Number of protein chains: 2
Amino acid sequence: MVLKMSSDTCVRPEWLRQFCTRLQIGFGIPESHAEIVSDCLVEANLMGLDTHGVIRLKFYLDRIKVGGNNPNPNFRRLRDNPCTALLDVDNALGPVGGKMAMDLAIEKAAANGLGLVLVAHCNHYGPAGYYARMAVPHDMIGLSLSNVLASMPPTGGAEARVGNNPYAVAIGAGEEPPVVVDGATSKASWGKVFLCAQSGDKLPEDCYVDAAGKMTVDPQAVINGGCLLPIAGHKGYGIAVAIELLTGMLAGAALDHEILHPYKHLDKPGQNTFLMGAVRIDQFAEPADFKQRLAEWVRLIRNTRKAPGVERIWLPGEMEIVTRQQRLAAGIPLPAKMLDELKVLAEQTNVPFQPEMCS
Amino acid sequence: MVLKMSSDTCVRPEWLRQFCTRLQIGFGIPESHAEIVSDCLVEANLMGLDTHGVIRLKFYLDRIKVGGNNPNPNFRRLRDNPCTALLDVDNALGPVGGKMAMDLAIEKAAANGLGLVLVAHCNHYGPAGYYARMAVPHDMIGLSLSNVLASMPPTGGAEARVGNNPYAVAIGAGEEPPVVVDGATSKASWGKVFLCAQSGDKLPEDCYVDAAGKMTVDPQAVINGGCLLPIAGHKGYGIAVAIELLTGMLAGAALDHEILHPYKHLDKPGQNTFLMGAVRIDQFAEPADFKQRLAEWVRLIRNTRKAPGVERIWLPGEMEIVTRQQRLAAGIPLPAKMLDELKVLAEQTNVPFQPEMCS
């Protein structure tokens with residue numbers, strides 16, 4: 001979701017990245033971890049995924065303040081095999097655990113063709129595609145899955161049992177942008193419920209149920225024990241289940257229904273598990289040939305005959321790359337409220353707050 | 001889709017299996033291949049997946065007769081690494097190539113923890129879940145993907161570019177049925193279009209577009225250059241794309257838009273690519289503990305509070321196991337028309353046709 005705002009609040013991405021890092025250091029996070037978190041958040045903003053951008057930083061720091069996240073975690077490899085590993089990251093910040101797991105999956109794939117790494121006891125990791133994209137420069141296909149707290153019923157159910165678990169697959173396409181399939185398994189988000197509750201708007205049709213399992217467009221009915229609905233009915237329920245079993249279940253860690261709400265329980269440790277996978281393309285094909293053929297296919301899809309009123313056909317993940325190019329030049333739009341929030345955080349830690357605007 | 005019929009046409013599964021094998025042998029298929037195909041088709045019928053059952057046999061044999069499928073294929077390993085392989089099965093019948101690939105993925109996972117095998121130049125493989133389930137008795141998680149001919153537009157497009165590519169993941173749950181997530185990436189099937197065209201019924205709403213990319217419920221408008229729509233809009237398009245790139249693209253084989261319609265081009269070689277994956281559970285967890293915890297979770301989901309009017313909450317893949325138990329006892333219902341078709345095939349090859357009915 002791209003936040004709407006006037007252009008005069010666009011900040012320079014490099015300033016935002018450095019400021020976020022200094023802020024985290026001020027809250028006791030080691031510089032090497034802070035840089036990972038800043039990169040994850042600012043990249044989300046650059047790609048237009050503003051709901052997963054620096055808007056999340058206050059939440060991360062609030063959790064650090066009350067002991068919910070661990071700024072100095074003790075990393076352990078509970079299992080370590082040639083192609084696989086199981087990590088316990090001791091309640092590290094989500095992007096720190098996520099990057100560590102994908103780095104290790106890439107290392108294992110480089111040595112043995114495939115890498116599959118589970119990381120347990122972690123926190124909200126932001127956009128799934130951030131981690132999957134890490135494999136692309138290594139001529140690998142990247143896979144990223146996470147379980148999250150239960151928000152959806154099984155098909156026919158009236159209470160939340162399964163998370164709207166996100167997934168991403170990233171595949172490099174040479175001279176074309178990488179193809180990145182990145183989504184959550186619900187039709188609409190929890191965020192939408194709270195936005196509509198504030199604004200007084202109705203929810204979109206057919207996306208939410210109330211506590212009795214009946215369809216509703218009333219945000220309050222969802223807040224009072226309702227659920228999100230999965231994409232594509234029982235198919236989305238199935239995909240969310242597969243992700244839960246490949247993450248929390250396989251790691252022996254929290255299942256979706258056991259995960260506490262990270263906003264409501266700021267002081268409780270994170271319980272998310274991620275699965276990161278890397279597949280070396282040269283196990284099956286010459287990477288140069290593969291990327292060239294994929295780039296040609298990208299152009300074929302882009303040139304598909306359009307339905308009435310359609311301006312452009314997008315490849316999965318392409319819109320994010322176009323937005324990124326625009327925002328690298330024009331800056332990252334931040335609402336005044338968010339700038340105020342960052343200023344307050346800066347004052348708490350004596351970090352200078354001098355936003356560099358793009359005019 | 002479960003075919004509706006009266007109970008007096010139920011045949012003994014074991015008879016059907018043996019008859020299908022003898023029939024294939026009569027058409028020049030080696031016994032070891034025929035047994036694989038029979039098992040795949042009869043298992044589909046047992047599980048209630050009748051559209052992927054013995055109804056497909058005439059189509060397979062028609063293709064054999066005119067040289068479209070190769071009854072005596074020459075199998076080659078184009079690439080062979082510790083965890084991965086790329087096979088060319090020389091236009092073998094789909095279940096033969098599919099089983100070979102999953103057997104090899106399981107073998108590689110047994111040796112190295114993970115196995116990922118691509119098989120190119122194959123044919124329609126039936127239900128994706130059949131292959132994924134093969135991993136379960138080995139305490140492995142099974143993955144099965146296939147590309148198929150293009151039938152869906154990219155989001156905003158008005159011509160078919162991507163197949164409604166099927167996927168399956170299977171995970172054993174000890175004393176409970178395995179959890180098997182098995183589906184196609186379209187909202188509704190091509191089969192539905194032809195059924196409605198015959199019956200004069202309208203198509204379901206919001207599932208199909210005409211040649212201009214406009215929604216239609218007219219089956220003829222779909223037959224004349226229309227498309228299926230993906231599940232969940234751009235999300236289903238993305239998932240179908242990921243499957244295409246992980247199969248035909250990674251194998252250097254046919255892409256979805258290059259695949260000929262196997263019914264319209266009976267004499268042309270198959271062009272499907274499958275990806276089969278196996279993950280050894282003991283790389284991450286003790287299999288006995290894992291299965292016990294998963295069985296407990298299955299019961300938790302089954303006991304979810306129900307929405308109004310709902311009789312039962314199903315786990316993914318559970319309905320198929322219940323149907324299988326029923327049909328093992330009561331027999332496989334076959335419409336009279338299909339029995340007639342099997343009789344004609346039997347007469348062509350002098351195979352005795354003495355169906356054993358379940359009363």
# chains A, B, ... in the order shown; residues from 1 in each chain; ligands from 1
>>> closest_atom_pairs(of="chain B", to="chain A", cutoff="6 Å", atoms="only C-alpha atoms", output="JSON lines")
{"residue": "B:Gly156", "atom": "CA", "partner": "A:Ala307", "partner_atom": "CA", "distance": 5.6}
{"residue": "B:Gly157", "atom": "CA", "partner": "A:Lys306", "partner_atom": "CA", "distance": 4.3}
{"residue": "B:Ala158", "atom": "CA", "partner": "A:Ala307", "partner_atom": "CA", "distance": 4.8}
{"residue": "B:Val181", "atom": "CA", "partner": "A:Gly238", "partner_atom": "CA", "distance": 5.4}
{"residue": "B:Gly213", "atom": "CA", "partner": "A:Ala307", "partner_atom": "CA", "distance": 4.6}
{"residue": "B:Ile231", "atom": "CA", "partner": "A:Ala232", "partner_atom": "CA", "distance": 5.6}
{"residue": "B:Ala232", "atom": "CA", "partner": "A:Ala232", "partner_atom": "CA", "distance": 5.4}
{"residue": "B:Gly238", "atom": "CA", "partner": "A:Val181", "partner_atom": "CA", "distance": 5.4}
{"residue": "B:Thr304", "atom": "CA", "partner": "A:Gly157", "partner_atom": "CA", "distance": 5.9}
{"residue": "B:Arg305", "atom": "CA", "partner": "A:Ala158", "partner_atom": "CA", "distance": 5.5}
{"residue": "B:Lys306", "atom": "CA", "partner": "A:Gly157", "partner_atom": "CA", "distance": 4.3}
{"residue": "B:Ala307", "atom": "CA", "partner": "A:Gly213", "partner_atom": "CA", "distance": 4.6}
{"residue": "B:Val310", "atom": "CA", "partner": "A:Gly156", "partner_atom": "CA", "distance": 5.8}
{"residue": "B:Ile313", "atom": "CA", "partner": "A:Gly156", "partner_atom": "CA", "distance": 5.9}
{"residue": "B:Pro316", "atom": "CA", "partner": "A:Gly238", "partner_atom": "CA", "distance": 5.8}
>>> residues_around(residues="region 48-63 of chain A", least_positions_apart="2", cutoff="8 Å", atoms="only C-alpha atoms", output="NGL selection string")
:A and (1-3 or 20 or 24 or 27 or 38 or 40-46 or 65-69 or 93 or 126-127 or 263 or 266-267 or 320 or 323-324 or 338 or 341-342 or 345)
>>> write_last_selection(atoms="N, CA, C and O atoms", output="compact mmCIF listing (two decimals), in the first residue's frame")
# COMPACT_ATOMS: atom_id res chain seq x y z
N MET A 1 0.84 -1.20 0.00
CA MET A 1 0.00 0.00 0.00
C MET A 1 0.89 1.26 0.00
O MET A 1 1.73 1.43 0.87
N VAL A 2 0.72 2.13 -1.00
CA VAL A 2 1.51 3.36 -1.09
C VAL A 2 0.77 4.46 -0.34
O VAL A 2 -0.40 4.75 -0.61
N LEU A 3 1.44 5.05 0.63
CA LEU A 3 0.82 6.14 1.39
C LEU A 3 0.70 7.38 0.51
O LEU A 3 1.59 7.70 -0.27
N CYS A 20 17.92 6.11 10.51
CA CYS A 20 17.33 4.92 11.17
C CYS A 20 18.40 4.10 11.88
O CYS A 20 18.16 3.57 12.97
N GLN A 24 18.61 3.44 16.00
CA GLN A 24 18.65 2.10 16.59
C GLN A 24 19.87 1.95 17.51
O GLN A 24 19.77 1.35 18.58
N PHE A 27 19.25 3.17 20.75
CA PHE A 27 18.42 2.29 21.59
C PHE A 27 19.15 1.01 21.97
O PHE A 27 18.53 0.05 22.43
N SER A 38 17.69 -1.16 8.97
CA SER A 38 17.48 0.06 8.18
C SER A 38 17.36 -0.29 6.70
O SER A 38 16.49 0.25 6.00
N CYS A 40 16.37 -3.06 5.31
CA CYS A 40 15.10 -3.76 5.06
C CYS A 40 13.94 -2.76 5.01
O CYS A 40 13.11 -2.81 4.10
N LEU A 41 13.91 -1.84 5.98
CA LEU A 41 12.79 -0.90 6.05
C LEU A 41 12.85 0.12 4.91
O LEU A 41 11.83 0.41 4.28
N VAL A 42 14.03 0.67 4.66
CA VAL A 42 14.14 1.71 3.63
C VAL A 42 13.93 1.11 2.24
O VAL A 42 13.31 1.73 1.36
N GLU A 43 14.41 -0.12 2.03
CA GLU A 43 14.14 -0.79 0.75
C GLU A 43 12.63 -0.98 0.55
O GLU A 43 12.13 -0.83 -0.57
N ALA A 44 11.92 -1.31 1.62
CA ALA A 44 10.46 -1.44 1.51
C ALA A 44 9.84 -0.12 1.08
O ALA A 44 9.01 -0.07 0.17
N ASN A 45 10.28 0.99 1.70
CA ASN A 45 9.77 2.30 1.30
C ASN A 45 10.12 2.61 -0.16
O ASN A 45 9.29 3.12 -0.91
N LEU A 46 11.36 2.34 -0.53
CA LEU A 46 11.77 2.62 -1.91
C LEU A 46 10.88 1.87 -2.90
O LEU A 46 10.53 2.39 -3.96
N LYS A 65 12.49 -1.39 23.95
CA LYS A 65 12.46 -0.64 25.22
C LYS A 65 11.91 -1.49 26.37
O LYS A 65 12.40 -1.42 27.49
N VAL A 66 10.86 -2.28 26.08
CA VAL A 66 10.21 -3.04 27.16
C VAL A 66 10.67 -4.50 27.20
O VAL A 66 10.07 -5.32 27.90
N GLY A 67 11.73 -4.80 26.47
CA GLY A 67 12.31 -6.14 26.57
C GLY A 67 11.66 -7.19 25.68
O GLY A 67 11.96 -8.38 25.79
N GLY A 68 10.77 -6.77 24.78
CA GLY A 68 10.11 -7.72 23.87
C GLY A 68 11.05 -8.24 22.80
O GLY A 68 10.99 -9.42 22.44
N ASN A 69 11.90 -7.37 22.27
CA ASN A 69 12.94 -7.80 21.32
C ASN A 69 14.28 -7.75 22.02
O ASN A 69 14.51 -6.91 22.90
N LEU A 93 15.78 -9.04 16.26
CA LEU A 93 14.91 -8.31 15.35
C LEU A 93 14.70 -9.13 14.08
O LEU A 93 15.63 -9.80 13.59
N GLY A 126 9.05 -8.10 8.02
CA GLY A 126 8.81 -7.14 6.94
C GLY A 126 8.41 -7.84 5.66
O GLY A 126 7.74 -8.86 5.69
N PRO A 127 8.83 -7.31 4.51
CA PRO A 127 8.39 -7.89 3.24
C PRO A 127 9.14 -9.20 2.94
O PRO A 127 10.38 -9.21 2.93
N TYR A 263 1.95 -6.45 18.76
CA TYR A 263 1.63 -5.08 19.17
C TYR A 263 0.96 -5.06 20.54
O TYR A 263 1.17 -4.14 21.33
N LEU A 266 3.88 -6.18 23.72
CA LEU A 266 5.17 -5.60 23.33
C LEU A 266 6.34 -6.21 24.09
O LEU A 266 7.46 -6.24 23.58
N ASP A 267 6.10 -6.67 25.32
CA ASP A 267 7.20 -7.15 26.15
C ASP A 267 7.43 -8.65 26.04
O ASP A 267 8.30 -9.19 26.73
N GLU A 320 7.45 -2.77 -8.13
CA GLU A 320 8.32 -2.37 -7.02
C GLU A 320 9.64 -1.80 -7.55
O GLU A 320 10.17 -0.83 -6.98
N THR A 323 8.96 1.70 -9.00
CA THR A 323 8.78 2.65 -7.90
C THR A 323 10.13 2.97 -7.26
O THR A 323 10.42 4.13 -6.92
N ARG A 324 10.96 1.96 -7.12
CA ARG A 324 12.28 2.15 -6.51
C ARG A 324 13.11 3.14 -7.32
O ARG A 324 13.78 4.02 -6.75
N MET A 338 4.55 10.86 10.52
CA MET A 338 5.66 9.93 10.71
C MET A 338 6.96 10.67 10.98
O MET A 338 7.78 10.23 11.80
N GLU A 341 6.98 11.53 14.52
CA GLU A 341 7.25 10.35 15.34
C GLU A 341 8.75 10.07 15.39
O GLU A 341 9.32 9.76 16.45
N LEU A 342 9.40 10.19 14.22
CA LEU A 342 10.84 9.97 14.15
C LEU A 342 11.59 11.03 14.97
O LEU A 342 12.58 10.73 15.64
N LEU A 345 11.47 10.15 18.62
CA LEU A 345 12.41 9.06 18.90
C LEU A 345 13.85 9.60 18.93
O LEU A 345 14.66 9.20 19.78
>>> residues_around(residues="Val136 (chain B)", least_positions_apart="2", cutoff="8 Å", atoms="only C-alpha atoms", output="PyMOL selection string")
chain B and resi 132-134+138-142+170-172+178
>>> closest_residue(among="A:Gly226, A:Gly163, A:Pro71, A:Pro355", to="Val193 (chain A)", atoms="only C-alpha atoms")
A:Gly226
>>> select_by_dssp(residues="region 16-253 of chain B", states="helix (DSSP H, G or I)", output="PyMOL selection string")
chain B and resi 16-26+31-46+50-52+54-65+94-112+128-133+136-138+190-199+219-223+234-251
>>> closest_residue(among="B:Leu195, B:Ala173, B:Val37, B:Cys10", to="Gly331 (chain B)", atoms="only C-alpha atoms")
B:Cys10
>>> select_by_dssp(residues="region 161-246 of chain A", states="strand (DSSP E or B)", output="PyMOL selection string")
chain A and resi 162-163+167-173+176-183+186+208-209+215+227-228+230
>>> atom_distance(atom1="CA of Asp218 (chain A)", atom2="CA of Lys264 (chain A)")
21.5 Å
>>> decode(residues="region 60-199 of chain B", atoms="C-alpha atoms", output="PDB file, in the first residue's frame")
ATOM      1  CA  TYR B  60      -3.502 -41.589 -22.940  1.00  0.00           C
ATOM      2  CA  LEU B  61      -4.078 -44.586 -25.230  1.00  0.00           C
ATOM      3  CA  ASP B  62      -5.336 -42.422 -28.112  1.00  0.00           C
ATOM      4  CA  ARG B  63      -2.064 -40.515 -27.887  1.00  0.00           C
ATOM      5  CA  ILE B  64      -0.077 -43.752 -27.805  1.00  0.00           C
ATOM      6  CA  LYS B  65      -1.932 -45.003 -30.892  1.00  0.00           C
ATOM      7  CA  VAL B  66      -1.012 -41.972 -33.025  1.00  0.00           C
ATOM      8  CA  GLY B  67       2.537 -41.613 -31.696  1.00  0.00           C
ATOM      9  CA  GLY B  68       1.903 -38.658 -29.365  1.00  0.00           C
ATOM     10  CA  ASN B  69       3.144 -40.539 -26.301  1.00  0.00           C
ATOM     11  CA  ASN B  70       6.134 -42.830 -26.350  1.00  0.00           C
ATOM     12  CA  PRO B  71       5.431 -46.283 -24.849  1.00  0.00           C
ATOM     13  CA  ASN B  72       9.125 -47.237 -24.850  1.00  0.00           C
ATOM     14  CA  PRO B  73      10.953 -44.048 -23.862  1.00  0.00           C
ATOM     15  CA  ASN B  74      14.689 -43.646 -23.519  1.00  0.00           C
ATOM     16  CA  PHE B  75      15.348 -42.022 -20.134  1.00  0.00           C
ATOM     17  CA  ARG B  76      18.331 -39.688 -19.797  1.00  0.00           C
ATOM     18  CA  ARG B  77      19.838 -37.790 -16.868  1.00  0.00           C
ATOM     19  CA  LEU B  78      20.962 -34.542 -18.464  1.00  0.00           C
ATOM     20  CA  ARG B  79      22.328 -33.325 -15.140  1.00  0.00           C
ATOM     21  CA  ASP B  80      23.017 -35.298 -11.995  1.00  0.00           C
ATOM     22  CA  ASN B  81      24.275 -33.714  -8.779  1.00  0.00           C
ATOM     23  CA  PRO B  82      24.184 -34.892  -5.145  1.00  0.00           C
ATOM     24  CA  CYS B  83      20.878 -33.134  -4.367  1.00  0.00           C
ATOM     25  CA  THR B  84      19.465 -32.389  -7.813  1.00  0.00           C
ATOM     26  CA  ALA B  85      18.933 -33.823 -11.269  1.00  0.00           C
ATOM     27  CA  LEU B  86      17.443 -32.905 -14.620  1.00  0.00           C
ATOM     28  CA  LEU B  87      15.794 -35.790 -16.463  1.00  0.00           C
ATOM     29  CA  ASP B  88      14.589 -36.042 -20.042  1.00  0.00           C
ATOM     30  CA  VAL B  89      11.999 -38.832 -20.188  1.00  0.00           C
ATOM     31  CA  ASP B  90      11.580 -38.824 -23.959  1.00  0.00           C
ATOM     32  CA  ASN B  91       7.839 -38.273 -24.040  1.00  0.00           C
ATOM     33  CA  ALA B  92       6.973 -40.962 -21.490  1.00  0.00           C
ATOM     34  CA  LEU B  93       3.471 -41.144 -20.030  1.00  0.00           C
ATOM     35  CA  GLY B  94       3.048 -38.478 -17.340  1.00  0.00           C
ATOM     36  CA  PRO B  95       2.797 -40.754 -14.288  1.00  0.00           C
ATOM     37  CA  VAL B  96       5.876 -42.698 -15.427  1.00  0.00           C
ATOM     38  CA  GLY B  97       8.007 -39.541 -15.610  1.00  0.00           C
ATOM     39  CA  GLY B  98       6.463 -38.111 -12.458  1.00  0.00           C
ATOM     40  CA  LYS B  99       7.093 -41.212 -10.359  1.00  0.00           C
ATOM     41  CA  MET B 100      10.639 -41.554 -11.685  1.00  0.00           C
ATOM     42  CA  ALA B 101      11.391 -37.955 -10.711  1.00  0.00           C
ATOM     43  CA  MET B 102       9.916 -38.260  -7.220  1.00  0.00           C
ATOM     44  CA  ASP B 103      11.675 -41.592  -6.614  1.00  0.00           C
ATOM     45  CA  LEU B 104      14.956 -39.892  -7.494  1.00  0.00           C
ATOM     46  CA  ALA B 105      14.187 -36.831  -5.336  1.00  0.00           C
ATOM     47  CA  ILE B 106      13.510 -39.169  -2.404  1.00  0.00           C
ATOM     48  CA  GLU B 107      16.760 -41.073  -3.095  1.00  0.00           C
ATOM     49  CA  LYS B 108      18.744 -37.832  -3.154  1.00  0.00           C
ATOM     50  CA  ALA B 109      17.066 -36.547   0.004  1.00  0.00           C
ATOM     51  CA  ALA B 110      17.799 -39.859   1.756  1.00  0.00           C
ATOM     52  CA  ALA B 111      21.481 -39.385   0.943  1.00  0.00           C
ATOM     53  CA  ASN B 112      21.861 -35.616   1.354  1.00  0.00           C
ATOM     54  CA  GLY B 113      18.856 -34.217   3.200  1.00  0.00           C
ATOM     55  CA  LEU B 114      17.171 -32.512   0.245  1.00  0.00           C
ATOM     56  CA  GLY B 115      16.272 -33.646  -3.264  1.00  0.00           C
ATOM     57  CA  LEU B 116      14.993 -31.549  -6.159  1.00  0.00           C
ATOM     58  CA  VAL B 117      14.460 -33.209  -9.540  1.00  0.00           C
ATOM     59  CA  LEU B 118      13.195 -31.689 -12.771  1.00  0.00           C
ATOM     60  CA  VAL B 119      11.760 -33.931 -15.459  1.00  0.00           C
ATOM     61  CA  ALA B 120      11.276 -32.503 -18.945  1.00  0.00           C
ATOM     62  CA  HIS B 121       9.533 -33.763 -22.094  1.00  0.00           C
ATOM     63  CA  CYS B 122       6.773 -35.466 -20.210  1.00  0.00           C
ATOM     64  CA  ASN B 123       2.967 -35.491 -20.419  1.00  0.00           C
ATOM     65  CA  HIS B 124      -0.111 -34.762 -18.318  1.00  0.00           C
ATOM     66  CA  TYR B 125       0.659 -36.172 -14.863  1.00  0.00           C
ATOM     67  CA  GLY B 126      -2.781 -36.298 -13.232  1.00  0.00           C
ATOM     68  CA  PRO B 127      -3.212 -35.129  -9.630  1.00  0.00           C
ATOM     69  CA  ALA B 128      -0.160 -33.233  -8.313  1.00  0.00           C
ATOM     70  CA  GLY B 129      -0.755 -34.669  -4.856  1.00  0.00           C
ATOM     71  CA  TYR B 130      -0.154 -38.253  -6.039  1.00  0.00           C
ATOM     72  CA  TYR B 131       3.575 -37.556  -6.316  1.00  0.00           C
ATOM     73  CA  ALA B 132       3.877 -35.341  -3.231  1.00  0.00           C
ATOM     74  CA  ARG B 133       2.269 -38.121  -1.138  1.00  0.00           C
ATOM     75  CA  MET B 134       5.030 -40.531  -2.202  1.00  0.00           C
ATOM     76  CA  ALA B 135       7.474 -38.750   0.138  1.00  0.00           C
ATOM     77  CA  VAL B 136       5.344 -39.223   3.256  1.00  0.00           C
ATOM     78  CA  PRO B 137       6.195 -42.899   4.107  1.00  0.00           C
ATOM     79  CA  HIS B 138       9.885 -41.896   3.981  1.00  0.00           C
ATOM     80  CA  ASP B 139       9.388 -39.251   6.707  1.00  0.00           C
ATOM     81  CA  MET B 140       9.929 -36.585   4.083  1.00  0.00           C
ATOM     82  CA  ILE B 141       7.893 -33.596   2.977  1.00  0.00           C
ATOM     83  CA  GLY B 142       6.944 -33.910  -0.695  1.00  0.00           C
ATOM     84  CA  LEU B 143       6.583 -31.121  -3.255  1.00  0.00           C
ATOM     85  CA  SER B 144       5.133 -31.530  -6.759  1.00  0.00           C
ATOM     86  CA  LEU B 145       4.774 -28.800  -9.409  1.00  0.00           C
ATOM     87  CA  SER B 146       3.962 -28.953 -13.120  1.00  0.00           C
ATOM     88  CA  ASN B 147       3.585 -26.469 -15.897  1.00  0.00           C
ATOM     89  CA  VAL B 148       0.681 -26.912 -18.302  1.00  0.00           C
ATOM     90  CA  LEU B 149      -0.429 -25.167 -21.467  1.00  0.00           C
ATOM     91  CA  ALA B 150      -1.272 -21.472 -21.163  1.00  0.00           C
ATOM     92  CA  SER B 151      -4.931 -20.862 -20.274  1.00  0.00           C
ATOM     93  CA  MET B 152      -4.830 -17.707 -18.132  1.00  0.00           C
ATOM     94  CA  PRO B 153      -3.913 -14.084 -18.933  1.00  0.00           C
ATOM     95  CA  PRO B 154      -1.449 -12.100 -16.871  1.00  0.00           C
ATOM     96  CA  THR B 155      -3.356  -9.586 -14.729  1.00  0.00           C
ATOM     97  CA  GLY B 156      -4.864  -7.041 -17.139  1.00  0.00           C
ATOM     98  CA  GLY B 157      -4.249  -9.200 -20.197  1.00  0.00           C
ATOM     99  CA  ALA B 158      -6.714 -10.563 -22.721  1.00  0.00           C
ATOM    100  CA  GLU B 159      -4.897 -13.622 -24.019  1.00  0.00           C
ATOM    101  CA  ALA B 160      -3.664 -16.829 -22.431  1.00  0.00           C
ATOM    102  CA  ARG B 161      -0.001 -16.702 -21.468  1.00  0.00           C
ATOM    103  CA  VAL B 162       0.313 -18.719 -18.256  1.00  0.00           C
ATOM    104  CA  GLY B 163      -0.950 -22.204 -17.381  1.00  0.00           C
ATOM    105  CA  ASN B 164      -3.245 -22.899 -14.443  1.00  0.00           C
ATOM    106  CA  ASN B 165      -0.181 -24.681 -13.116  1.00  0.00           C
ATOM    107  CA  PRO B 166      -0.863 -27.191 -10.340  1.00  0.00           C
ATOM    108  CA  TYR B 167       1.028 -27.582  -7.073  1.00  0.00           C
ATOM    109  CA  ALA B 168       1.036 -30.002  -4.149  1.00  0.00           C
ATOM    110  CA  VAL B 169       2.771 -30.256  -0.791  1.00  0.00           C
ATOM    111  CA  ALA B 170       2.330 -33.393   1.360  1.00  0.00           C
ATOM    112  CA  ILE B 171       3.263 -33.725   5.027  1.00  0.00           C
ATOM    113  CA  GLY B 172       2.706 -36.862   7.106  1.00  0.00           C
ATOM    114  CA  ALA B 173       0.801 -36.511  10.391  1.00  0.00           C
ATOM    115  CA  GLY B 174       1.308 -39.905  12.057  1.00  0.00           C
ATOM    116  CA  GLU B 175      -1.992 -41.339  13.198  1.00  0.00           C
ATOM    117  CA  GLU B 176      -3.963 -38.631  11.355  1.00  0.00           C
ATOM    118  CA  PRO B 177      -4.204 -38.494   7.542  1.00  0.00           C
ATOM    119  CA  PRO B 178      -1.325 -36.665   5.868  1.00  0.00           C
ATOM    120  CA  VAL B 179      -1.904 -32.959   5.241  1.00  0.00           C
ATOM    121  CA  VAL B 180      -1.882 -32.587   1.458  1.00  0.00           C
ATOM    122  CA  VAL B 181      -2.274 -29.159  -0.127  1.00  0.00           C
ATOM    123  CA  ASP B 182      -3.130 -29.821  -3.763  1.00  0.00           C
ATOM    124  CA  GLY B 183      -4.628 -27.419  -6.264  1.00  0.00           C
ATOM    125  CA  ALA B 184      -4.530 -25.634  -9.578  1.00  0.00           C
ATOM    126  CA  THR B 185      -3.982 -21.889  -9.909  1.00  0.00           C
ATOM    127  CA  SER B 186      -7.221 -21.146 -11.801  1.00  0.00           C
ATOM    128  CA  LYS B 187     -10.595 -20.421 -10.226  1.00  0.00           C
ATOM    129  CA  ALA B 188     -12.357 -23.006 -12.368  1.00  0.00           C
ATOM    130  CA  SER B 189     -11.360 -25.584 -14.969  1.00  0.00           C
ATOM    131  CA  TRP B 190     -11.414 -25.974 -18.750  1.00  0.00           C
ATOM    132  CA  GLY B 191     -13.457 -29.115 -18.159  1.00  0.00           C
ATOM    133  CA  LYS B 192     -16.250 -26.973 -16.714  1.00  0.00           C
ATOM    134  CA  VAL B 193     -16.369 -24.933 -19.937  1.00  0.00           C
ATOM    135  CA  PHE B 194     -16.969 -28.003 -22.079  1.00  0.00           C
ATOM    136  CA  LEU B 195     -19.492 -29.481 -19.635  1.00  0.00           C
ATOM    137  CA  CYS B 196     -21.485 -26.217 -19.679  1.00  0.00           C
ATOM    138  CA  ALA B 197     -21.236 -25.934 -23.459  1.00  0.00           C
ATOM    139  CA  GLN B 198     -22.784 -29.429 -23.699  1.00  0.00           C
ATOM    140  CA  SER B 199     -25.453 -28.910 -21.051  1.00  0.00           C
TER     141      SER B 199
END
